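All remarks here apply to the structure that follows.
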Amino acid sequence: MCPELYRQDTYHLIAAGLRGGKNIPDQVATHPRVFATLTAPSYGPVHGRRVGGSARCRCGRTHAKGDPLLGTPLDPERYDYTGAVLWNAHAPALWARFMLHLRRTIAAAAGLPQRLLHKAVRVSYAKVAEYQQRGLIHFHVIRLDGPAGPYTPPPTWATPELLADAIQTAATHTHIDGPTLKNRAHSFAFGEQIDTRIIRSTAFQGGTTITEGKVAGYVAKYATKGTEAATGTLDHRLKRITDLWCESVPEHAARMIRTAWTLGARDDLKHLNLRKWVHMLGFRGHFSTKTRAYSTTLGALRAARAAWHRRHTAPPSPTTLVIAHGAYGGTGLTPDLERLATLINGGPMREQAVATRA
């Protein structure tokens, strides 16, 4: 699939889960929906822009938008590259633990036992991994449905504000244990910057209100934007670390790649497959995943597009397929070729006989 088609399909997939369509009922637009940004923690100070770019960076400069220094460490020698790579590698597991805490938090807020929560509400989401300039990922969109998913409304107590508060609480308390390297036990959690924005219907658009169209467009923009666009790193796997010398990769991304490659050689980290995913800076997940009830699927969208083309494409006209073309060129050899063949196959006596007849 070409990048533009993938981007368009991702837009429709996300938008259908926010406002209906593609076999998703329109009533999902009335369900609580939150655009959540769960970022990675800091592994060392980096160059950045603050307050719309008006404030100076810690380095004393004011970086322009697009400055290649943005997202790179102020002191690369003290930056925790090992922690950053391992956070990316453990991000899918961290998200799974977060969803567990989110359901517990919603059940507690509603005064329900967790085992009965599924009879009242269902948590649906579209998880989108977007790379920051520093090479770490963050995630997005969550929705509350009734017990039958998008086809049933959630109870009245399931408000967008409750969902936003539950996301904040669950993200703050989510952490998982990691490996112990060089006598240092690693653990992973989300960063302090946890942003939750309630998604409003387009009918309530105004000011800085975030709408379904804005969210779907934002997510689709990153559908074809991987690590190579955000950090300047690779869009393909490496077979050997020496191949990195032939690539034009910024030093910060190259250090993360080398760190992932080195960690991938450890027996206690084999399960992370870091060498396979060095081009993703250790992240092993897909760009976008979703719960089954959130929306349609990319496969369904491709099938619908193929069916539309079959209906609107005229059948080909009957033709005769020509496999080969030949023409009569004569029988036997020309006199000169016959004489040459005789000389080659007849030997000296035959050559003399031919010469006598001539």
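FYI, nothing fancy with the structure tokens labels: chains A, B, ... in order, residues from 1 per chain, ligands from 1 as they appear.
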Those of segment 103-340 of chain A in DSSP strand (DSSP E or B), formatted as JSON, numbers by chain:
{"A": [122, 123, 124, 125, 126, 127, 128, 130, 131, 137, 138, 139, 142, 143, 144, 145, 146, 149, 175, 176, 177, 178, 179, 180, 181, 184, 185, 186, 187, 188, 189, 194, 195, 196, 197, 198, 199, 200, 210, 211, 288, 289, 290]}
Can I get the residues of segment 256-329 of chain A within 10 Å of segment 141-161 of chain A, each with the closest pair of atoms and their distance in Å to one decimal, using only C-alpha atoms, sorted chain first then ascending number, as JSON lines?
```
{"residue": "A:Lys290", "atom": "CA", "partner": "A:Val141", "partner_atom": "CA", "distance": 9.4}
{"residue": "A:Thr291", "atom": "CA", "partner": "A:Ile142", "partner_atom": "CA", "distance": 9.9}
{"residue": "A:Arg292", "atom": "CA", "partner": "A:Gly149", "partner_atom": "CA", "distance": 9.3}
{"residue": "A:Ala293", "atom": "CA", "partner": "A:Gly149", "partner_atom": "CA", "distance": 5.8}
{"residue": "A:Tyr294", "atom": "CA", "partner": "A:Pro150", "partner_atom": "CA", "distance": 7.3}
{"residue": "A:Ser295", "atom": "CA", "partner": "A:Pro150", "partner_atom": "CA", "distance": 8.5}
```
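Non-sequential neighbours of His271 of chain A (distance at most 12 Å, separation of 5 or more positions within a chain, only C-alpha atoms) are Ala89, His90, Pro179, Leu263, Gly264, Ala265, Arg266, Lys276, Trp277 and Arg284 of chain A.
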One decimal place gives the atom CA of Leu112 of chain A-atom CA of Ile167 of chain A separation as 17.3 Å
So, with only C-alpha atoms as the atoms that count, which of A:Glu4, A:Gly135, A:Arg97, A:Thr10 lies closest to Glu251 of chain A?
A:Gly135
Shell of 9 Å around Leu238 of chain A, only C-alpha atoms, local chain residues under 4 positions omitted, as a ChimeraX atom specification
/A:234,242-244,275-279
So that I have them on file, write out the residues from the current selection with all heavy atoms, as a PDB file, in the first residue's frame.
```pdb
ATOM      1  N   LEU A 234      16.638   5.563  10.744  1.00  0.00           N
ATOM      2  CA  LEU A 234      16.482   4.672   9.596  1.00  0.00           C
ATOM      3  C   LEU A 234      15.032   4.256   9.370  1.00  0.00           C
ATOM      4  O   LEU A 234      14.220   4.241  10.299  1.00  0.00           O
ATOM      5  CB  LEU A 234      17.332   3.416   9.813  1.00  0.00           C
ATOM      6  CG  LEU A 234      18.828   3.657  10.053  1.00  0.00           C
ATOM      7  CD1 LEU A 234      19.517   2.350  10.390  1.00  0.00           C
ATOM      8  CD2 LEU A 234      19.465   4.290   8.826  1.00  0.00           C
ATOM      9  N   THR A 242      27.930  -2.443  11.451  1.00  0.00           N
ATOM     10  CA  THR A 242      28.870  -1.708  10.599  1.00  0.00           C
ATOM     11  C   THR A 242      28.161  -1.023   9.438  1.00  0.00           C
ATOM     12  O   THR A 242      28.686  -0.074   8.861  1.00  0.00           O
ATOM     13  CB  THR A 242      29.959  -2.650  10.063  1.00  0.00           C
ATOM     14  OG1 THR A 242      29.333  -3.794   9.452  1.00  0.00           O
ATOM     15  CG2 THR A 242      30.868  -3.134  11.198  1.00  0.00           C
ATOM     16  N   ASP A 243      26.961  -1.511   9.089  1.00  0.00           N
ATOM     17  CA  ASP A 243      26.197  -0.865   8.013  1.00  0.00           C
ATOM     18  C   ASP A 243      25.783   0.554   8.392  1.00  0.00           C
ATOM     19  O   ASP A 243      25.450   1.362   7.526  1.00  0.00           O
ATOM     20  CB  ASP A 243      24.943  -1.683   7.683  1.00  0.00           C
ATOM     21  CG  ASP A 243      25.276  -3.033   7.067  1.00  0.00           C
ATOM     22  OD1 ASP A 243      26.423  -3.195   6.602  1.00  0.00           O
ATOM     23  OD2 ASP A 243      24.400  -3.919   7.068  1.00  0.00           O
ATOM     24  N   LEU A 244      25.800   0.839   9.684  1.00  0.00           N
ATOM     25  CA  LEU A 244      25.423   2.175  10.141  1.00  0.00           C
ATOM     26  C   LEU A 244      26.398   3.229   9.631  1.00  0.00           C
ATOM     27  O   LEU A 244      26.022   4.389   9.471  1.00  0.00           O
ATOM     28  CB  LEU A 244      25.372   2.207  11.680  1.00  0.00           C
ATOM     29  CG  LEU A 244      24.861   3.484  12.344  1.00  0.00           C
ATOM     30  CD1 LEU A 244      23.425   3.783  11.929  1.00  0.00           C
ATOM     31  CD2 LEU A 244      24.949   3.379  13.871  1.00  0.00           C
ATOM     32  N   ARG A 275      18.136  -6.161  18.546  1.00  0.00           N
ATOM     33  CA  ARG A 275      18.877  -6.029  17.289  1.00  0.00           C
ATOM     34  C   ARG A 275      17.944  -6.022  16.083  1.00  0.00           C
ATOM     35  O   ARG A 275      18.251  -5.411  15.056  1.00  0.00           O
ATOM     36  CB  ARG A 275      19.915  -7.139  17.171  1.00  0.00           C
ATOM     37  CG  ARG A 275      21.084  -6.957  18.138  1.00  0.00           C
ATOM     38  CD  ARG A 275      22.267  -7.814  17.790  1.00  0.00           C
ATOM     39  NE  ARG A 275      23.433  -7.437  18.580  1.00  0.00           N
ATOM     40  CZ  ARG A 275      24.626  -7.999  18.469  1.00  0.00           C
ATOM     41  NH1 ARG A 275      24.823  -8.973  17.597  1.00  0.00           N
ATOM     42  NH2 ARG A 275      25.629  -7.587  19.217  1.00  0.00           N
ATOM     43  N   LYS A 276      16.836  -6.678  16.229  1.00  0.00           N
ATOM     44  CA  LYS A 276      15.856  -6.679  15.137  1.00  0.00           C
ATOM     45  C   LYS A 276      15.181  -5.329  15.005  1.00  0.00           C
ATOM     46  O   LYS A 276      14.755  -4.934  13.910  1.00  0.00           O
ATOM     47  CB  LYS A 276      14.813  -7.768  15.407  1.00  0.00           C
ATOM     48  CG  LYS A 276      13.751  -7.899  14.326  1.00  0.00           C
ATOM     49  CD  LYS A 276      12.784  -9.013  14.666  1.00  0.00           C
ATOM     50  CE  LYS A 276      11.696  -9.136  13.602  1.00  0.00           C
ATOM     51  NZ  LYS A 276      10.733 -10.230  13.918  1.00  0.00           N
ATOM     52  N   TRP A 277      15.094  -4.585  16.117  1.00  0.00           N
ATOM     53  CA  TRP A 277      14.345  -3.338  16.134  1.00  0.00           C
ATOM     54  C   TRP A 277      15.226  -2.121  16.408  1.00  0.00           C
ATOM     55  O   TRP A 277      14.742  -1.120  16.898  1.00  0.00           O
ATOM     56  CB  TRP A 277      13.230  -3.410  17.188  1.00  0.00           C
ATOM     57  CG  TRP A 277      12.266  -4.515  16.919  1.00  0.00           C
ATOM     58  CD1 TRP A 277      12.156  -5.696  17.592  1.00  0.00           C
ATOM     59  CD2 TRP A 277      11.289  -4.564  15.875  1.00  0.00           C
ATOM     60  NE1 TRP A 277      11.169  -6.471  17.042  1.00  0.00           N
ATOM     61  CE2 TRP A 277      10.622  -5.797  15.984  1.00  0.00           C
ATOM     62  CE3 TRP A 277      10.923  -3.677  14.867  1.00  0.00           C
ATOM     63  CZ2 TRP A 277       9.608  -6.174  15.112  1.00  0.00           C
ATOM     64  CZ3 TRP A 277       9.908  -4.047  14.008  1.00  0.00           C
ATOM     65  CH2 TRP A 277       9.264  -5.285  14.137  1.00  0.00           C
ATOM     66  N   VAL A 278      16.513  -2.204  16.070  1.00  0.00           N
ATOM     67  CA  VAL A 278      17.379  -1.047  16.302  1.00  0.00           C
ATOM     68  C   VAL A 278      16.949   0.153  15.473  1.00  0.00           C
ATOM     69  O   VAL A 278      17.097   1.306  15.899  1.00  0.00           O
ATOM     70  CB  VAL A 278      18.862  -1.389  16.014  1.00  0.00           C
ATOM     71  CG1 VAL A 278      19.410  -2.374  17.018  1.00  0.00           C
ATOM     72  CG2 VAL A 278      19.045  -1.906  14.589  1.00  0.00           C
ATOM     73  N   HIS A 279      16.410  -0.099  14.271  1.00  0.00           N
ATOM     74  CA  HIS A 279      15.981   1.021  13.427  1.00  0.00           C
ATOM     75  C   HIS A 279      14.774   1.733  14.031  1.00  0.00           C
ATOM     76  O   HIS A 279      14.473   2.880  13.671  1.00  0.00           O
ATOM     77  CB  HIS A 279      15.653   0.534  12.016  1.00  0.00           C
ATOM     78  CG  HIS A 279      14.482  -0.391  11.946  1.00  0.00           C
ATOM     79  ND1 HIS A 279      14.478  -1.629  12.561  1.00  0.00           N
ATOM     80  CD2 HIS A 279      13.258  -0.265  11.347  1.00  0.00           C
ATOM     81  CE1 HIS A 279      13.323  -2.220  12.334  1.00  0.00           C
ATOM     82  NE2 HIS A 279      12.558  -1.416  11.612  1.00  0.00           N
TER      83      HIS A 279
END
```
As a count of residues only, please: every residue in segment 6-71 of chain A that DSSP puts in alpha helix (DSSP H).
14
Identify which of the residues A:Ala129, A:Ile176, A:Ala254, A:Ala64 lies closest to Leu94 of chain A, counting only C-alpha atoms when measuring atom-to-atom distances.
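The answer is A:Ile176, which sits nearest to Leu94 of chain A.
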Within 12 Å of Asn23 of chain A using only C-alpha atoms, minus same-chain residues under 4 positions, as a PyMOL selection string
chain A and resi 12-13+16-17+19+27-28+150-151+293-297+300-301+304
Please report as a tab-separated table every residue of segment 236-301 of chain A lying within 12 Å of segment 69-82 of chain A, along with the nearest atom pair and their distance in Å (one decimal), using only C-alpha atoms.
```
residue	atom	partner	partner_atom	distance
A:Pro250	CA	A:Thr72	CA	9.5
A:Glu251	CA	A:Thr72	CA	8.8
A:His252	CA	A:Thr72	CA	6.1
A:Ala253	CA	A:Thr72	CA	8.8
A:Ala254	CA	A:Tyr81	CA	10.7
A:Arg255	CA	A:Tyr81	CA	7.4
A:Met256	CA	A:Tyr81	CA	6.1
A:Ile257	CA	A:Tyr81	CA	9.5
A:Arg258	CA	A:Tyr81	CA	9.5
A:Thr259	CA	A:Thr82	CA	6.4
A:Ala260	CA	A:Thr82	CA	7.7
A:Trp261	CA	A:Thr82	CA	10.7
A:Thr262	CA	A:Thr82	CA	9.6
A:Leu263	CA	A:Thr82	CA	8.0
A:Gly264	CA	A:Thr82	CA	11.2
A:Leu274	CA	A:Thr82	CA	11.7
A:Leu281	CA	A:Tyr81	CA	10.2
A:Gly282	CA	A:Thr82	CA	10.2
```
Quick one: pull the distance between atom CA of Gly178 of chain A and atom CA of Trp87 of chain A, Å, one decimal.
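One can read the atom CA of Gly178 of chain A to atom CA of Trp87 of chain A distance as 8.9 Å.
With distances restricted to only C-alpha atoms, A:Glu130 is the closest residue to Phe283 of chain A from A:Glu130, A:Asp165, A:Asp268, A:Asp336.
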Report the distance between atom CA of Met280 of chain A and atom CA of His236 of chain A in Å, rounded to one decimal place.
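For atom CA of Met280 of chain A relative to atom CA of His236 of chain A, the distance reads 8.7 Å.
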